[in-house]
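Dumped protein-v9.txt below, it's compact mmCIF, N, CA and C atoms and all ligand atoms:
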```
# COMPACT_ATOMS: atom_id res chain seq x y z
N MET A 25 -193.61 -34.67 101.12
CA MET A 25 -194.06 -35.09 99.79
C MET A 25 -193.26 -34.41 98.67
N ILE A 26 -192.88 -33.15 98.92
CA ILE A 26 -192.04 -32.43 97.95
C ILE A 26 -190.74 -33.22 97.72
N HIS A 27 -190.18 -33.75 98.82
CA HIS A 27 -188.93 -34.50 98.66
C HIS A 27 -189.13 -35.75 97.83
N ALA A 28 -190.24 -36.45 98.08
CA ALA A 28 -190.52 -37.65 97.29
C ALA A 28 -190.70 -37.27 95.82
N HIS A 29 -191.34 -36.13 95.60
CA HIS A 29 -191.56 -35.66 94.22
C HIS A 29 -190.22 -35.38 93.53
N ILE A 30 -189.36 -34.63 94.24
CA ILE A 30 -188.05 -34.30 93.65
C ILE A 30 -187.25 -35.57 93.40
N THR A 31 -187.26 -36.49 94.37
CA THR A 31 -186.53 -37.75 94.20
C THR A 31 -187.04 -38.50 92.97
N SER A 32 -188.37 -38.57 92.81
CA SER A 32 -188.94 -39.32 91.68
C SER A 32 -188.52 -38.75 90.34
N TRP A 33 -188.66 -37.41 90.16
CA TRP A 33 -188.32 -36.90 88.83
C TRP A 33 -186.83 -36.88 88.58
N LEU A 34 -186.04 -36.73 89.68
CA LEU A 34 -184.58 -36.77 89.52
C LEU A 34 -184.15 -38.16 89.07
N LEU A 35 -184.73 -39.20 89.68
CA LEU A 35 -184.40 -40.57 89.28
C LEU A 35 -184.88 -40.83 87.86
N ALA A 36 -186.05 -40.27 87.52
CA ALA A 36 -186.56 -40.43 86.14
C ALA A 36 -185.56 -39.83 85.16
N LEU A 37 -185.06 -38.64 85.49
CA LEU A 37 -184.09 -37.97 84.62
C LEU A 37 -182.83 -38.82 84.45
N ILE A 38 -182.35 -39.39 85.57
CA ILE A 38 -181.15 -40.23 85.51
C ILE A 38 -181.42 -41.48 84.67
N LEU A 39 -182.57 -42.13 84.90
CA LEU A 39 -182.89 -43.34 84.14
C LEU A 39 -183.03 -43.04 82.65
N PHE A 40 -183.57 -41.87 82.34
CA PHE A 40 -183.70 -41.45 80.95
C PHE A 40 -182.31 -41.40 80.29
N ILE A 41 -181.33 -40.80 81.00
CA ILE A 41 -179.97 -40.69 80.46
C ILE A 41 -179.33 -42.08 80.36
N VAL A 42 -179.57 -42.92 81.39
CA VAL A 42 -179.02 -44.28 81.37
C VAL A 42 -179.59 -45.05 80.17
N ALA A 43 -180.91 -44.90 79.94
CA ALA A 43 -181.55 -45.60 78.82
C ALA A 43 -180.91 -45.19 77.50
N LEU A 44 -180.68 -43.88 77.32
CA LEU A 44 -180.05 -43.41 76.08
C LEU A 44 -178.65 -43.98 75.92
N GLY A 45 -177.91 -44.04 77.06
CA GLY A 45 -176.56 -44.59 77.04
C GLY A 45 -176.56 -46.05 76.64
N LEU A 46 -177.51 -46.81 77.18
CA LEU A 46 -177.60 -48.24 76.85
C LEU A 46 -177.91 -48.42 75.37
N HIS A 47 -178.83 -47.60 74.86
CA HIS A 47 -179.17 -47.71 73.43
C HIS A 47 -177.95 -47.39 72.58
N LYS A 48 -177.22 -46.37 72.98
CA LYS A 48 -176.06 -45.93 72.21
C LYS A 48 -174.99 -47.02 72.16
N SER A 49 -174.84 -47.75 73.28
CA SER A 49 -173.83 -48.80 73.28
C SER A 49 -174.41 -50.14 72.81
N GLY A 50 -175.59 -50.10 72.19
CA GLY A 50 -176.14 -51.29 71.55
C GLY A 50 -176.77 -52.30 72.50
N LYS A 51 -176.95 -51.93 73.76
CA LYS A 51 -177.54 -52.88 74.71
C LYS A 51 -179.06 -52.76 74.69
N GLU A 52 -179.68 -53.37 73.69
CA GLU A 52 -181.12 -53.21 73.48
C GLU A 52 -181.96 -53.76 74.62
N LYS A 53 -181.52 -54.88 75.19
CA LYS A 53 -182.30 -55.47 76.27
C LYS A 53 -182.30 -54.55 77.49
N GLY A 54 -181.12 -54.07 77.84
CA GLY A 54 -181.01 -53.13 78.95
C GLY A 54 -181.84 -51.89 78.70
N PHE A 55 -181.81 -51.40 77.47
CA PHE A 55 -182.57 -50.22 77.08
C PHE A 55 -184.05 -50.43 77.38
N LYS A 56 -184.56 -51.61 77.00
CA LYS A 56 -185.99 -51.91 77.22
C LYS A 56 -186.33 -51.99 78.70
N ILE A 57 -185.44 -52.64 79.46
CA ILE A 57 -185.71 -52.81 80.89
C ILE A 57 -185.71 -51.45 81.60
N VAL A 58 -184.68 -50.64 81.29
CA VAL A 58 -184.58 -49.34 81.95
C VAL A 58 -185.78 -48.48 81.57
N LYS A 59 -186.27 -48.60 80.31
CA LYS A 59 -187.46 -47.84 79.91
C LYS A 59 -188.67 -48.25 80.76
N MET A 60 -188.77 -49.54 81.08
CA MET A 60 -189.90 -49.98 81.90
C MET A 60 -189.81 -49.42 83.31
N ILE A 61 -188.59 -49.43 83.88
CA ILE A 61 -188.43 -48.87 85.23
C ILE A 61 -188.70 -47.37 85.19
N LEU A 62 -188.24 -46.74 84.11
CA LEU A 62 -188.46 -45.30 83.94
C LEU A 62 -189.95 -44.97 83.99
N ARG A 63 -190.77 -45.82 83.34
CA ARG A 63 -192.22 -45.56 83.32
C ARG A 63 -192.82 -45.66 84.72
N LEU A 64 -192.25 -46.52 85.55
CA LEU A 64 -192.70 -46.58 86.94
C LEU A 64 -192.42 -45.25 87.64
N PHE A 65 -191.27 -44.68 87.33
CA PHE A 65 -190.93 -43.39 87.95
C PHE A 65 -191.79 -42.25 87.41
N TYR A 66 -192.28 -42.38 86.17
CA TYR A 66 -193.25 -41.38 85.69
C TYR A 66 -194.48 -41.42 86.60
N LEU A 67 -194.94 -42.63 86.88
CA LEU A 67 -196.14 -42.78 87.71
C LEU A 67 -195.91 -42.19 89.11
N LEU A 68 -194.71 -42.47 89.65
CA LEU A 68 -194.40 -41.93 90.98
C LEU A 68 -194.33 -40.41 90.95
N THR A 69 -193.76 -39.87 89.87
CA THR A 69 -193.67 -38.41 89.75
C THR A 69 -195.07 -37.80 89.65
N ILE A 70 -195.90 -38.39 88.81
CA ILE A 70 -197.27 -37.88 88.66
C ILE A 70 -198.04 -38.05 89.98
N GLY A 71 -197.88 -39.23 90.59
CA GLY A 71 -198.58 -39.52 91.84
C GLY A 71 -198.21 -38.54 92.95
N THR A 72 -196.89 -38.31 93.13
CA THR A 72 -196.47 -37.38 94.19
C THR A 72 -196.90 -35.96 93.83
N GLY A 73 -196.88 -35.62 92.53
CA GLY A 73 -197.34 -34.29 92.09
C GLY A 73 -198.81 -34.08 92.45
N ILE A 74 -199.63 -35.10 92.16
CA ILE A 74 -201.06 -34.99 92.47
C ILE A 74 -201.26 -34.92 93.99
N TRP A 75 -200.43 -35.69 94.69
CA TRP A 75 -200.50 -35.68 96.15
C TRP A 75 -200.26 -34.27 96.70
N ILE A 76 -199.22 -33.61 96.16
CA ILE A 76 -198.95 -32.22 96.59
C ILE A 76 -200.17 -31.35 96.27
N LEU A 77 -200.71 -31.53 95.04
CA LEU A 77 -201.86 -30.71 94.63
C LEU A 77 -203.04 -30.86 95.58
N THR A 78 -203.25 -32.08 96.06
CA THR A 78 -204.41 -32.30 96.93
C THR A 78 -204.17 -31.79 98.34
N SER A 79 -202.90 -31.50 98.68
CA SER A 79 -202.62 -31.09 100.05
C SER A 79 -202.42 -29.58 100.19
N ILE A 80 -202.61 -28.83 99.12
CA ILE A 80 -202.42 -27.37 99.20
C ILE A 80 -203.64 -26.66 98.61
N ASN A 81 -203.66 -25.34 98.81
CA ASN A 81 -204.67 -24.52 98.14
C ASN A 81 -204.17 -24.24 96.72
N ILE A 82 -204.70 -24.93 95.74
CA ILE A 82 -204.13 -24.76 94.41
C ILE A 82 -204.66 -23.50 93.75
N ASP A 83 -203.78 -22.81 93.02
CA ASP A 83 -204.26 -21.81 92.08
C ASP A 83 -203.77 -22.22 90.70
N MET A 84 -204.09 -21.39 89.73
CA MET A 84 -203.82 -21.72 88.32
C MET A 84 -202.36 -22.10 88.05
N MET A 85 -201.41 -21.42 88.73
CA MET A 85 -200.00 -21.69 88.42
C MET A 85 -199.59 -23.11 88.79
N TYR A 86 -200.21 -23.66 89.83
CA TYR A 86 -199.89 -25.05 90.18
C TYR A 86 -200.38 -26.00 89.11
N VAL A 87 -201.54 -25.67 88.56
CA VAL A 87 -202.09 -26.51 87.50
C VAL A 87 -201.19 -26.42 86.27
N ILE A 88 -200.74 -25.19 85.95
CA ILE A 88 -199.85 -25.03 84.80
C ILE A 88 -198.54 -25.77 85.05
N LYS A 89 -197.98 -25.62 86.25
CA LYS A 89 -196.74 -26.34 86.60
C LYS A 89 -196.92 -27.85 86.39
N SER A 90 -198.08 -28.38 86.82
CA SER A 90 -198.32 -29.81 86.68
C SER A 90 -198.43 -30.22 85.22
N LEU A 91 -199.11 -29.40 84.41
CA LEU A 91 -199.25 -29.73 82.99
C LEU A 91 -197.89 -29.71 82.30
N VAL A 92 -197.04 -28.73 82.67
CA VAL A 92 -195.70 -28.69 82.08
C VAL A 92 -194.91 -29.93 82.53
N GLY A 93 -195.12 -30.36 83.78
CA GLY A 93 -194.47 -31.59 84.26
C GLY A 93 -194.86 -32.79 83.42
N ILE A 94 -196.15 -32.87 83.07
CA ILE A 94 -196.60 -33.97 82.22
C ILE A 94 -196.02 -33.83 80.81
N TRP A 95 -195.88 -32.59 80.37
CA TRP A 95 -195.27 -32.32 79.06
C TRP A 95 -193.81 -32.84 79.06
N VAL A 96 -193.06 -32.60 80.14
CA VAL A 96 -191.68 -33.10 80.22
C VAL A 96 -191.66 -34.62 80.05
N ILE A 97 -192.57 -35.29 80.76
CA ILE A 97 -192.62 -36.75 80.68
C ILE A 97 -192.94 -37.17 79.23
N GLY A 98 -193.88 -36.46 78.61
CA GLY A 98 -194.21 -36.74 77.21
C GLY A 98 -192.99 -36.61 76.31
N MET A 99 -192.16 -35.59 76.57
CA MET A 99 -190.97 -35.39 75.74
C MET A 99 -189.91 -36.45 75.99
N PHE A 100 -189.79 -36.92 77.26
CA PHE A 100 -188.89 -38.06 77.52
C PHE A 100 -189.28 -39.21 76.59
N GLU A 101 -190.57 -39.49 76.54
CA GLU A 101 -191.06 -40.60 75.73
C GLU A 101 -190.83 -40.36 74.24
N MET A 102 -191.03 -39.12 73.79
CA MET A 102 -190.82 -38.81 72.37
C MET A 102 -189.36 -39.01 71.98
N VAL A 103 -188.44 -38.54 72.84
CA VAL A 103 -187.01 -38.69 72.54
C VAL A 103 -186.65 -40.18 72.50
N LEU A 104 -187.14 -40.95 73.49
CA LEU A 104 -186.80 -42.37 73.53
C LEU A 104 -187.39 -43.12 72.34
N ALA A 105 -188.65 -42.79 72.00
CA ALA A 105 -189.28 -43.48 70.87
C ALA A 105 -188.55 -43.15 69.57
N GLY A 106 -188.21 -41.87 69.38
CA GLY A 106 -187.48 -41.47 68.18
C GLY A 106 -186.12 -42.14 68.12
N THR A 107 -185.42 -42.18 69.26
CA THR A 107 -184.10 -42.81 69.31
C THR A 107 -184.20 -44.30 68.99
N ALA A 108 -185.20 -44.96 69.56
CA ALA A 108 -185.36 -46.41 69.34
C ALA A 108 -185.59 -46.70 67.86
N LYS A 109 -186.31 -45.81 67.17
CA LYS A 109 -186.61 -46.04 65.76
C LYS A 109 -185.54 -45.47 64.83
N GLY A 110 -184.51 -44.84 65.42
CA GLY A 110 -183.46 -44.26 64.61
C GLY A 110 -183.89 -43.01 63.86
N LYS A 111 -184.93 -42.35 64.35
CA LYS A 111 -185.39 -41.11 63.69
C LYS A 111 -184.65 -39.90 64.23
N LYS A 112 -184.84 -38.78 63.56
CA LYS A 112 -184.25 -37.52 64.05
C LYS A 112 -184.99 -37.08 65.31
N THR A 113 -184.23 -36.66 66.32
CA THR A 113 -184.88 -36.30 67.59
C THR A 113 -184.60 -34.85 67.98
N ALA A 114 -184.07 -34.06 67.04
CA ALA A 114 -183.67 -32.69 67.38
C ALA A 114 -184.84 -31.88 67.95
N ILE A 115 -186.01 -31.98 67.31
CA ILE A 115 -187.15 -31.19 67.76
C ILE A 115 -187.64 -31.66 69.13
N SER A 116 -187.68 -32.98 69.32
CA SER A 116 -188.08 -33.52 70.62
C SER A 116 -187.12 -33.05 71.71
N TRP A 117 -185.83 -33.08 71.39
CA TRP A 117 -184.83 -32.62 72.37
C TRP A 117 -185.04 -31.16 72.73
N LEU A 118 -185.30 -30.36 71.69
CA LEU A 118 -185.51 -28.92 71.91
C LEU A 118 -186.71 -28.71 72.84
N LEU A 119 -187.82 -29.41 72.52
CA LEU A 119 -189.03 -29.26 73.34
C LEU A 119 -188.81 -29.80 74.75
N LEU A 120 -188.01 -30.86 74.86
CA LEU A 120 -187.70 -31.41 76.19
C LEU A 120 -186.96 -30.37 77.02
N ILE A 121 -185.95 -29.75 76.41
CA ILE A 121 -185.15 -28.78 77.16
C ILE A 121 -186.01 -27.57 77.54
N ILE A 122 -186.85 -27.10 76.60
CA ILE A 122 -187.72 -25.95 76.90
C ILE A 122 -188.66 -26.30 78.06
N SER A 123 -189.31 -27.47 77.97
CA SER A 123 -190.28 -27.82 79.01
C SER A 123 -189.59 -28.03 80.36
N LEU A 124 -188.38 -28.61 80.31
CA LEU A 124 -187.65 -28.85 81.56
C LEU A 124 -187.25 -27.53 82.22
N VAL A 125 -186.79 -26.58 81.41
CA VAL A 125 -186.41 -25.27 81.97
C VAL A 125 -187.64 -24.60 82.59
N ILE A 126 -188.78 -24.66 81.90
CA ILE A 126 -190.00 -24.03 82.42
C ILE A 126 -190.40 -24.70 83.75
N VAL A 127 -190.39 -26.04 83.76
CA VAL A 127 -190.87 -26.73 84.97
C VAL A 127 -189.93 -26.48 86.16
N LEU A 128 -188.63 -26.44 85.89
CA LEU A 128 -187.69 -26.19 86.99
C LEU A 128 -187.84 -24.76 87.49
N TYR A 129 -188.06 -23.83 86.55
CA TYR A 129 -188.26 -22.44 86.95
C TYR A 129 -189.53 -22.32 87.80
N LEU A 130 -190.63 -22.87 87.30
CA LEU A 130 -191.90 -22.78 88.03
C LEU A 130 -191.79 -23.46 89.39
N GLY A 131 -191.17 -24.64 89.42
CA GLY A 131 -191.10 -25.41 90.66
C GLY A 131 -190.19 -24.76 91.70
N PHE A 132 -188.98 -24.41 91.28
CA PHE A 132 -187.99 -23.94 92.25
C PHE A 132 -188.05 -22.44 92.49
N VAL A 133 -188.39 -21.66 91.46
CA VAL A 133 -188.27 -20.21 91.59
C VAL A 133 -189.63 -19.55 91.79
N TYR A 134 -190.59 -19.90 90.94
CA TYR A 134 -191.84 -19.13 90.92
C TYR A 134 -192.81 -19.57 92.02
N LEU A 135 -192.98 -20.89 92.16
CA LEU A 135 -193.98 -21.34 93.12
C LEU A 135 -193.39 -21.39 94.54
N PRO A 136 -194.22 -21.14 95.52
CA PRO A 136 -193.71 -20.85 96.87
C PRO A 136 -193.30 -22.05 97.73
N LEU A 137 -193.52 -23.28 97.30
CA LEU A 137 -193.21 -24.39 98.20
C LEU A 137 -191.73 -24.75 98.22
N SER A 138 -190.92 -24.03 97.44
CA SER A 138 -189.49 -24.38 97.32
C SER A 138 -188.75 -24.25 98.65
N PHE A 139 -187.56 -24.82 98.65
CA PHE A 139 -186.72 -24.73 99.85
C PHE A 139 -186.42 -23.27 100.17
C1 LIG A 201 -190.35 -34.69 85.00
C2 LIG A 201 -191.38 -34.00 85.42
C3 LIG A 201 -191.36 -33.03 86.57
C4 LIG A 201 -190.34 -32.24 87.05
C5 LIG A 201 -188.91 -32.10 86.52
C6 LIG A 201 -190.87 -31.52 88.20
C7 LIG A 201 -190.15 -30.62 88.97
C8 LIG A 201 -190.60 -30.00 90.10
C9 LIG A 201 -189.85 -29.09 90.92
C10 LIG A 201 -188.41 -28.63 90.66
C11 LIG A 201 -190.63 -28.69 91.96
C12 LIG A 201 -190.28 -27.73 93.09
C13 LIG A 201 -189.81 -28.47 94.31
C14 LIG A 201 -189.64 -27.52 95.46
O1 LIG A 201 -190.50 -26.65 95.63
O2 LIG A 201 -188.67 -27.63 96.20
C15 LIG A 201 -191.91 -29.34 91.78
C16 LIG A 201 -193.00 -29.14 92.59
C17 LIG A 201 -194.29 -29.52 92.27
N1 LIG A 201 -194.65 -30.39 91.24
FE1 LIG A 201 -193.43 -31.17 89.87
N2 LIG A 201 -192.18 -31.87 88.40
C18 LIG A 201 -192.52 -32.78 87.41
C19 LIG A 201 -193.74 -33.38 87.23
C20 LIG A 201 -194.90 -33.03 87.91
C21 LIG A 201 -196.21 -33.56 87.65
C22 LIG A 201 -196.50 -34.59 86.57
C23 LIG A 201 -197.06 -32.96 88.53
C24 LIG A 201 -198.56 -33.12 88.72
C25 LIG A 201 -199.26 -34.11 88.34
C26 LIG A 201 -196.29 -32.06 89.37
C27 LIG A 201 -196.78 -31.27 90.40
C28 LIG A 201 -196.04 -30.50 91.24
C29 LIG A 201 -196.57 -29.66 92.31
C30 LIG A 201 -198.04 -29.47 92.65
C31 LIG A 201 -195.47 -29.04 92.95
C32 LIG A 201 -195.49 -28.05 94.11
C33 LIG A 201 -195.29 -26.66 93.52
C34 LIG A 201 -194.29 -25.78 94.23
O3 LIG A 201 -193.09 -25.93 93.99
O4 LIG A 201 -194.70 -24.94 94.98
N3 LIG A 201 -194.97 -32.14 88.96
N4 LIG A 201 -191.86 -30.15 90.66
```
Before anything else, please render the file you have as structure tokens.
Amino acid sequence: MIHAHITSWLLALILFIVALGLHKSGKEKGFKIVKMILRLFYLLTIGTGIWILTSINIDMMYVIKSLVGIWVIGMFEMVLAGTAKGKKTAISWLLLIISLVIVLYLGFVYLPLSF
């Protein structure tokens, strides 16, 4: 399940970058479609995350890790929404990078299920 989880968020990250690239090159239709597929991967990421949670003895750090994971997804959406509307996204980007660093640290380094 950990592998499915990693695959889901990694693909979400790639689709997020692809979506930004499509928007930048003016391909609005592609941007919309990739955003829809991206949302499916959010669900898969959340689903596999919850699956892991239900299969282990959870303590507080797993809950915090999961909440930060949801925060990352929220920031993906904030950056995309801001970009689509042509607004400034510097703060969203900053929060995205902070949340991503925290979640990767907690997932790979701090919590014990890592490789
Ligand atoms: C884009 C969002 C997310 C990223 C980048 C992410 C990243 C990671 C990483 C790097 C790991 C460690 C994998 C390993 O141990 O080899 C992990 C594990 C885990 N994730 Fe996520 N995750 C995200 C979203 C979520 C969500 C939404 C949930 C819960 C609903 C969740 C729950 C978990 C749990 C319970 C683990 C096992 C903890 C452990 O490593 O020991 N994650 N995640």
Report task. Kindly indicate which residue among A:Ser90, A:Leu130, A:Ala108, A:Ile122 lies nearest to Leu46 in chain A, using only C-alpha atoms for the distances. Result ->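 So, comparing all the options, the nearest one is A:Ala108.
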At most 6.5 Å from ligand LIG 201 (chain A) (only N, CA and C atoms and all ligand atoms): residue list as an mmCIF file with N, CA and C atoms, keeping the file's coordinate frame:
```
data_model
loop_
_atom_site.group_PDB
_atom_site.id
_atom_site.type_symbol
_atom_site.label_atom_id
_atom_site.label_comp_id
_atom_site.auth_asym_id
_atom_site.auth_seq_id
_atom_site.Cartn_x
_atom_site.Cartn_y
_atom_site.Cartn_z
ATOM 1 N N ILE A 26 -192.880 -33.150 98.920
ATOM 2 C CA ILE A 26 -192.040 -32.430 97.950
ATOM 3 C C ILE A 26 -190.740 -33.220 97.720
ATOM 4 N N HIS A 29 -191.340 -36.130 95.600
ATOM 5 C CA HIS A 29 -191.560 -35.660 94.220
ATOM 6 C C HIS A 29 -190.220 -35.380 93.530
ATOM 7 N N ILE A 30 -189.360 -34.630 94.240
ATOM 8 C CA ILE A 30 -188.050 -34.300 93.650
ATOM 9 C C ILE A 30 -187.250 -35.570 93.400
ATOM 10 N N TRP A 33 -188.660 -37.410 90.160
ATOM 11 C CA TRP A 33 -188.320 -36.900 88.830
ATOM 12 C C TRP A 33 -186.830 -36.880 88.580
ATOM 13 N N LEU A 34 -186.040 -36.730 89.680
ATOM 14 C CA LEU A 34 -184.580 -36.770 89.520
ATOM 15 C C LEU A 34 -184.150 -38.160 89.070
ATOM 16 N N THR A 69 -193.760 -39.870 89.870
ATOM 17 C CA THR A 69 -193.670 -38.410 89.750
ATOM 18 C C THR A 69 -195.070 -37.800 89.650
ATOM 19 N N ILE A 70 -195.900 -38.390 88.810
ATOM 20 C CA ILE A 70 -197.270 -37.880 88.660
ATOM 21 C C ILE A 70 -198.040 -38.050 89.980
ATOM 22 N N GLY A 71 -197.880 -39.230 90.590
ATOM 23 C CA GLY A 71 -198.580 -39.520 91.840
ATOM 24 C C GLY A 71 -198.210 -38.540 92.950
ATOM 25 N N THR A 72 -196.890 -38.310 93.130
ATOM 26 C CA THR A 72 -196.470 -37.380 94.190
ATOM 27 C C THR A 72 -196.900 -35.960 93.830
ATOM 28 N N GLY A 73 -196.880 -35.620 92.530
ATOM 29 C CA GLY A 73 -197.340 -34.290 92.090
ATOM 30 C C GLY A 73 -198.810 -34.080 92.450
ATOM 31 N N ILE A 74 -199.630 -35.100 92.160
ATOM 32 C CA ILE A 74 -201.060 -34.990 92.470
ATOM 33 C C ILE A 74 -201.260 -34.920 93.990
ATOM 34 N N ILE A 76 -199.220 -33.610 96.160
ATOM 35 C CA ILE A 76 -198.950 -32.220 96.590
ATOM 36 C C ILE A 76 -200.170 -31.350 96.270
ATOM 37 N N LEU A 77 -200.710 -31.530 95.040
ATOM 38 C CA LEU A 77 -201.860 -30.710 94.630
ATOM 39 C C LEU A 77 -203.040 -30.860 95.580
ATOM 40 N N TYR A 86 -200.210 -23.660 89.830
ATOM 41 C CA TYR A 86 -199.890 -25.050 90.180
ATOM 42 C C TYR A 86 -200.380 -26.000 89.110
ATOM 43 N N LYS A 89 -197.980 -25.620 86.250
ATOM 44 C CA LYS A 89 -196.740 -26.340 86.600
ATOM 45 C C LYS A 89 -196.920 -27.850 86.390
ATOM 46 N N SER A 90 -198.080 -28.380 86.820
ATOM 47 C CA SER A 90 -198.320 -29.810 86.680
ATOM 48 C C SER A 90 -198.430 -30.220 85.220
ATOM 49 N N LEU A 91 -199.110 -29.400 84.410
ATOM 50 C CA LEU A 91 -199.250 -29.730 82.990
ATOM 51 C C LEU A 91 -197.890 -29.710 82.300
ATOM 52 N N VAL A 92 -197.040 -28.730 82.670
ATOM 53 C CA VAL A 92 -195.700 -28.690 82.080
ATOM 54 C C VAL A 92 -194.910 -29.930 82.530
ATOM 55 N N GLY A 93 -195.120 -30.360 83.780
ATOM 56 C CA GLY A 93 -194.470 -31.590 84.260
ATOM 57 C C GLY A 93 -194.860 -32.790 83.420
ATOM 58 N N ILE A 94 -196.150 -32.870 83.070
ATOM 59 C CA ILE A 94 -196.600 -33.970 82.220
ATOM 60 C C ILE A 94 -196.020 -33.830 80.810
ATOM 61 N N VAL A 96 -193.060 -32.600 80.140
ATOM 62 C CA VAL A 96 -191.680 -33.100 80.220
ATOM 63 C C VAL A 96 -191.660 -34.620 80.050
ATOM 64 N N ILE A 97 -192.570 -35.290 80.760
ATOM 65 C CA ILE A 97 -192.620 -36.750 80.680
ATOM 66 C C ILE A 97 -192.940 -37.170 79.230
ATOM 67 N N LEU A 124 -188.380 -28.610 80.310
ATOM 68 C CA LEU A 124 -187.650 -28.850 81.560
ATOM 69 C C LEU A 124 -187.250 -27.530 82.220
ATOM 70 N N VAL A 127 -190.390 -26.040 83.760
ATOM 71 C CA VAL A 127 -190.870 -26.730 84.970
ATOM 72 C C VAL A 127 -189.930 -26.480 86.160
ATOM 73 N N LEU A 128 -188.630 -26.440 85.890
ATOM 74 C CA LEU A 128 -187.690 -26.190 86.990
ATOM 75 C C LEU A 128 -187.840 -24.760 87.490
ATOM 76 N N TYR A 129 -188.060 -23.830 86.550
ATOM 77 C CA TYR A 129 -188.260 -22.440 86.950
ATOM 78 C C TYR A 129 -189.530 -22.320 87.800
ATOM 79 N N LEU A 130 -190.630 -22.870 87.300
ATOM 80 C CA LEU A 130 -191.900 -22.780 88.030
ATOM 81 C C LEU A 130 -191.790 -23.460 89.390
ATOM 82 N N GLY A 131 -191.170 -24.640 89.420
ATOM 83 C CA GLY A 131 -191.100 -25.410 90.660
ATOM 84 C C GLY A 131 -190.190 -24.760 91.700
ATOM 85 N N PHE A 132 -188.980 -24.410 91.280
ATOM 86 C CA PHE A 132 -187.990 -23.940 92.250
ATOM 87 C C PHE A 132 -188.050 -22.440 92.490
ATOM 88 N N TYR A 134 -190.590 -19.900 90.940
ATOM 89 C CA TYR A 134 -191.840 -19.130 90.920
ATOM 90 C C TYR A 134 -192.810 -19.570 92.020
ATOM 91 N N LEU A 135 -192.980 -20.890 92.160
ATOM 92 C CA LEU A 135 -193.980 -21.340 93.120
ATOM 93 C C LEU A 135 -193.390 -21.390 94.540
ATOM 94 N N PRO A 136 -194.220 -21.140 95.520
ATOM 95 C CA PRO A 136 -193.710 -20.850 96.870
ATOM 96 C C PRO A 136 -193.300 -22.050 97.730
ATOM 97 N N LEU A 137 -193.520 -23.280 97.300
ATOM 98 C CA LEU A 137 -193.210 -24.390 98.200
ATOM 99 C C LEU A 137 -191.730 -24.750 98.220
ATOM 100 N N SER A 138 -190.920 -24.030 97.440
ATOM 101 C CA SER A 138 -189.490 -24.380 97.320
ATOM 102 C C SER A 138 -188.750 -24.250 98.650
ATOM 103 N N PHE A 139 -187.560 -24.820 98.650
ATOM 104 C CA PHE A 139 -186.720 -24.730 99.850
ATOM 105 C C PHE A 139 -186.420 -23.270 100.170
#
```
**Report entry** Of the listed residues A:Trp75, A:Gly110, A:His27, A:Phe40, that which approaches Val58 in chain A most closely, counting only N, CA and C atoms
**Finding:**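 The shortest atom-to-atom distance to Val58 in chain A comes from A:Phe40.
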Report task. Take atom N of Ser49 in chain A and atom N of Gly106 in chain A and report the distance between them in Å, one decimal. Result -> 15.1 Å
Query - helix (DSSP H, G or I) residues, from DSSP on the backbone, in chain A, as a PyMOL selection string - result: chain A and resi 26-48+52-78+84-108+114-134
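With only C-alpha atoms as the atoms that count, the residue of A:Val42, A:Ile61, A:Leu68, A:Gly50 with the shortest distance to Met25 in chain A is A:Leu68.
The interatomic distance for the pair atom C of Ile126 in chain A and atom N of Met85 in chain A works out to 12.5 Å.
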Test item: axis-aligned box, all listed atoms of range 60-67 of chain A, 3 Å on each side, centre and edges in Å rounded to one decimal, as JSON:
```
{"center_x": -192.2, "center_y": -45.7, "center_z": 85.1, "size_x": 13.9, "size_y": 14.6, "size_z": 14.0}
```
Report summary line: Of A:Trp117, A:Lys48, A:Phe55, A:Ile88, the one sitting nearest Met102 in chain A when using only N, CA and C atoms is A:Trp117
Query raised in the report: Rounded to one decimal in Å, what is the spacing between CA of Val103 in chain A and atom N of Ser116 in chain A?
Result: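 Straight-line distance from CA of Val103 in chain A to atom N of Ser116 in chain A works out to 6.6 Å.
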